[in-house]
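Below: one structure, written as structure tokens.
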Amino acid sequence: MSNAKGPGPELKYHGRVFDVYEHDIKLPNGRTTRQSLIDHRATIAAVPIASDGKIILLRQYRPAVGGYLIEIPAGNIDEGESPLECAKRELAEETGHSSDNIVKIYEGYLVPGYCNEYMYFYLAFDLYPAALPGDDDEVIERFSVTLEEALAMMEAGEIVDSKTALALCLTERYLRAKNPA
């Protein structure tokens, strides 16, 4: 558990993707508080943009919310894997495509109030077929939309996954800067 001060953290749960710790933390103001913190592997998210300019989105079943969410490809970085290698793998697993033209558009913490998950965001251009088997615990349907349609879906409340919403806004900004009107 990184960035923790005070007595050592007590492991409360060890999982495949993250661990949950509880411990007393001394804050910069001198107070001590008991915190539950999630130690999460780093992750990636990628916006795949096909040659026709459409974005490949996923309709993915998420047990935590009891239904399907519309998302971009994303996943955990495996031990020894770089964020870029992970992006290529996740694209192949979740969309059946990969890319050699991948641009990092952002990186940062997702929910730093209780978790140290750090995510790298990418745009993937010049997609080519490169299917890999998907994960056994994933149920995914693929579909393509224009960026404008994706942004409208976000505004209409059809896209409620925050990493996807952020990535779509970053994509719009990036493309606008590359192709000013």
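All residue names refer to the structure tokens as shown: chains lettered A, B, ... in order, residues numbered from 1 in each chain, ligands numbered from 1 in order.
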Each stretch 68-126 of chain A residue no farther than 10 Å from stretch 34-37 of chain A, nearest pair in Å, only C-alpha atoms, as a tab-separated table:
```
residue	atom	partner	partner_atom	distance
A:Pro112	CA	A:Leu37	CA	9.3
A:Gly113	CA	A:Leu37	CA	8.4
A:Tyr114	CA	A:Leu37	CA	4.9
A:Cys115	CA	A:Leu37	CA	5.7
A:Asn116	CA	A:Leu37	CA	8.0
```
Quick one: write out the picked residues with all heavy atoms as a JSON list (two decimals), in the first residue's frame?
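selection-v3.json, freshly written:
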```
[["chain", "number", "residue", "atom", "x", "y", "z"],
["A", 112, "PRO", "N", -9.35, 8.68, -6.17],
["A", 112, "PRO", "CA", -8.31, 8.74, -5.16],
["A", 112, "PRO", "C", -8.80, 8.91, -3.73],
["A", 112, "PRO", "O", -7.99, 8.85, -2.80],
["A", 112, "PRO", "CB", -7.47, 9.95, -5.59],
["A", 112, "PRO", "CG", -8.41, 10.80, -6.38],
["A", 112, "PRO", "CD", -9.34, 9.84, -7.06],
["A", 113, "GLY", "N", -10.08, 9.06, -3.54],
["A", 113, "GLY", "CA", -10.61, 9.15, -2.17],
["A", 113, "GLY", "C", -10.45, 7.86, -1.39],
["A", 113, "GLY", "O", -10.37, 7.86, -0.17],
["A", 114, "TYR", "N", -10.37, 6.74, -2.09],
["A", 114, "TYR", "CA", -10.24, 5.45, -1.40],
["A", 114, "TYR", "C", -9.47, 4.41, -2.21],
["A", 114, "TYR", "O", -9.33, 3.26, -1.79],
["A", 114, "TYR", "CB", -11.61, 4.88, -1.03],
["A", 114, "TYR", "CG", -12.52, 4.67, -2.22],
["A", 114, "TYR", "CD1", -12.48, 3.50, -2.96],
["A", 114, "TYR", "CD2", -13.42, 5.66, -2.61],
["A", 114, "TYR", "CE1", -13.30, 3.31, -4.06],
["A", 114, "TYR", "CE2", -14.24, 5.48, -3.70],
["A", 114, "TYR", "CZ", -14.18, 4.31, -4.41],
["A", 114, "TYR", "OH", -14.99, 4.13, -5.50],
["A", 115, "CYS", "N", -8.96, 4.77, -3.41],
["A", 115, "CYS", "CA", -8.31, 3.78, -4.27],
["A", 115, "CYS", "C", -7.14, 4.44, -5.01],
["A", 115, "CYS", "O", -7.23, 5.59, -5.41],
["A", 115, "CYS", "CB", -9.33, 3.26, -5.27],
["A", 115, "CYS", "SG", -8.71, 1.97, -6.38],
["A", 116, "ASN", "N", -6.06, 3.68, -5.20],
["A", 116, "ASN", "CA", -4.90, 4.20, -5.91],
["A", 116, "ASN", "C", -4.85, 3.77, -7.38],
["A", 116, "ASN", "O", -3.81, 3.84, -8.00],
["A", 116, "ASN", "CB", -3.60, 3.82, -5.19],
["A", 116, "ASN", "CG", -3.36, 2.32, -5.18],
["A", 116, "ASN", "OD1", -4.17, 1.52, -5.65],
["A", 116, "ASN", "ND2", -2.23, 1.91, -4.62]]
```
| query | What are the DSSP helix (DSSP H, G or I) residues of chain A, as a PyMOL selection string? | reply | chain A and resi 83-95+147-155+162-178
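Nearest residue to A:Gly75, choosing from A:Leu132, A:Leu170, A:Leu27, A:Ala45 and counting only C-alpha atoms: A:Ala45.
You will find atom CA of A:Asp126 at 17.5 Å from atom CA of A:Glu172.
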All residues 8 Å or closer to stretch 20-23 of chain A, only C-alpha atoms, same chain fewer than 6 positions away omitted, as a PDB file with N, CA, C and O atoms, in the first residue's frame:
```pdb
ATOM      1  N   MET A   1       0.850  -1.170   0.000  1.00  0.00           N
ATOM      2  CA  MET A   1       0.000   0.000   0.000  1.00  0.00           C
ATOM      3  C   MET A   1       0.890   1.226   0.000  1.00  0.00           C
ATOM      4  O   MET A   1       1.642   1.431   0.928  1.00  0.00           O
ATOM      5  N   GLY A   6       1.857   5.870   9.163  1.00  0.00           N
ATOM      6  CA  GLY A   6       1.344   5.320  10.414  1.00  0.00           C
ATOM      7  C   GLY A   6       1.621   3.841  10.472  1.00  0.00           C
ATOM      8  O   GLY A   6       2.421   3.315   9.701  1.00  0.00           O
ATOM      9  N   PRO A   7       0.966   3.141  11.421  1.00  0.00           N
ATOM     10  CA  PRO A   7       1.185   1.692  11.544  1.00  0.00           C
ATOM     11  C   PRO A   7       0.860   0.994  10.226  1.00  0.00           C
ATOM     12  O   PRO A   7       0.071   1.481   9.426  1.00  0.00           O
ATOM     13  N   GLY A   8       1.498  -0.137  10.028  1.00  0.00           N
ATOM     14  CA  GLY A   8       1.321  -0.866   8.781  1.00  0.00           C
ATOM     15  C   GLY A   8      -0.122  -1.198   8.485  1.00  0.00           C
ATOM     16  O   GLY A   8      -0.935  -1.385   9.383  1.00  0.00           O
ATOM     17  N   PRO A   9      -0.435  -1.265   7.211  1.00  0.00           N
ATOM     18  CA  PRO A   9      -1.813  -1.582   6.810  1.00  0.00           C
ATOM     19  C   PRO A   9      -2.163  -3.034   7.124  1.00  0.00           C
ATOM     20  O   PRO A   9      -1.316  -3.914   7.094  1.00  0.00           O
ATOM     21  N   GLU A  10      -3.428  -3.246   7.442  1.00  0.00           N
ATOM     22  CA  GLU A  10      -3.949  -4.589   7.724  1.00  0.00           C
ATOM     23  C   GLU A  10      -4.755  -5.043   6.510  1.00  0.00           C
ATOM     24  O   GLU A  10      -5.744  -4.420   6.135  1.00  0.00           O
ATOM     25  N   LEU A  11      -4.303  -6.131   5.892  1.00  0.00           N
ATOM     26  CA  LEU A  11      -4.994  -6.671   4.724  1.00  0.00           C
ATOM     27  C   LEU A  11      -6.336  -7.241   5.156  1.00  0.00           C
ATOM     28  O   LEU A  11      -6.413  -8.115   6.004  1.00  0.00           O
ATOM     29  N   LYS A  12      -7.413  -6.712   4.574  1.00  0.00           N
ATOM     30  CA  LYS A  12      -8.765  -7.187   4.877  1.00  0.00           C
ATOM     31  C   LYS A  12      -9.296  -8.111   3.794  1.00  0.00           C
ATOM     32  O   LYS A  12     -10.159  -8.941   4.050  1.00  0.00           O
ATOM     33  N   TYR A  13      -8.809  -7.926   2.568  1.00  0.00           N
ATOM     34  CA  TYR A  13      -9.276  -8.738   1.445  1.00  0.00           C
ATOM     35  C   TYR A  13      -8.189  -8.768   0.378  1.00  0.00           C
ATOM     36  O   TYR A  13      -7.635  -7.724   0.018  1.00  0.00           O
ATOM     37  N   HIS A  14      -7.882  -9.950  -0.127  1.00  0.00           N
ATOM     38  CA  HIS A  14      -6.942 -10.094  -1.232  1.00  0.00           C
ATOM     39  C   HIS A  14      -7.707 -10.642  -2.426  1.00  0.00           C
ATOM     40  O   HIS A  14      -8.316 -11.706  -2.339  1.00  0.00           O
ATOM     41  N   ARG A  34      -8.775   6.400  10.731  1.00  0.00           N
ATOM     42  CA  ARG A  34      -8.801   5.008  10.253  1.00  0.00           C
ATOM     43  C   ARG A  34      -9.377   5.025   8.844  1.00  0.00           C
ATOM     44  O   ARG A  34     -10.440   5.596   8.597  1.00  0.00           O
ATOM     45  N   GLN A  35      -8.694   4.401   7.897  1.00  0.00           N
ATOM     46  CA  GLN A  35      -9.118   4.407   6.497  1.00  0.00           C
ATOM     47  C   GLN A  35      -9.157   3.001   5.935  1.00  0.00           C
ATOM     48  O   GLN A  35      -8.341   2.155   6.295  1.00  0.00           O
ATOM     49  N   SER A  36     -10.093   2.786   5.033  1.00  0.00           N
ATOM     50  CA  SER A  36     -10.108   1.591   4.191  1.00  0.00           C
ATOM     51  C   SER A  36      -9.647   2.046   2.824  1.00  0.00           C
ATOM     52  O   SER A  36     -10.184   3.000   2.263  1.00  0.00           O
ATOM     53  N   LEU A  37      -8.625   1.375   2.305  1.00  0.00           N
ATOM     54  CA  LEU A  37      -8.049   1.776   1.028  1.00  0.00           C
ATOM     55  C   LEU A  37      -7.936   0.577   0.094  1.00  0.00           C
ATOM     56  O   LEU A  37      -7.616  -0.529   0.530  1.00  0.00           O
ATOM     57  N   ILE A  38      -8.187   0.820  -1.174  1.00  0.00           N
ATOM     58  CA  ILE A  38      -8.070  -0.217  -2.183  1.00  0.00           C
ATOM     59  C   ILE A  38      -6.752  -0.017  -2.920  1.00  0.00           C
ATOM     60  O   ILE A  38      -6.490   1.065  -3.456  1.00  0.00           O
ATOM     61  N   ASP A  39      -5.928  -1.052  -2.929  1.00  0.00           N
ATOM     62  CA  ASP A  39      -4.673  -1.065  -3.675  1.00  0.00           C
ATOM     63  C   ASP A  39      -4.956  -1.805  -4.983  1.00  0.00           C
ATOM     64  O   ASP A  39      -5.169  -3.015  -4.985  1.00  0.00           O
TER      65      ASP A  39
END
```
| query | Do you know which residues are at most 12 Å from A:Ile72 counting only C-alpha atoms, after dropping those on the same chain fewer than 6 positions away, and could you put them as a ChimeraX atom specification? | reply | /A:44-49,55-60,87,90-91,94-95,121-124,140-145,150,159-168,171
| strand (DSSP E or B) residues, from DSSP on the backbone, in chain A, as a ChimeraX atom specification | /A:10-14,18-26,32-40,43-49,55-62,67-71,74-76,97-98,101-109,115,118-125,128-129,140-145
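The residue that comes closest to A:Val139, out of A:Ile70, A:Leu175, A:Ala42, A:Ala92 and on the basis of only C-alpha atoms, is A:Ile70.
What separates atom CA of A:Val65 from atom CA of A:Val111 is a distance of 17.0 Å.
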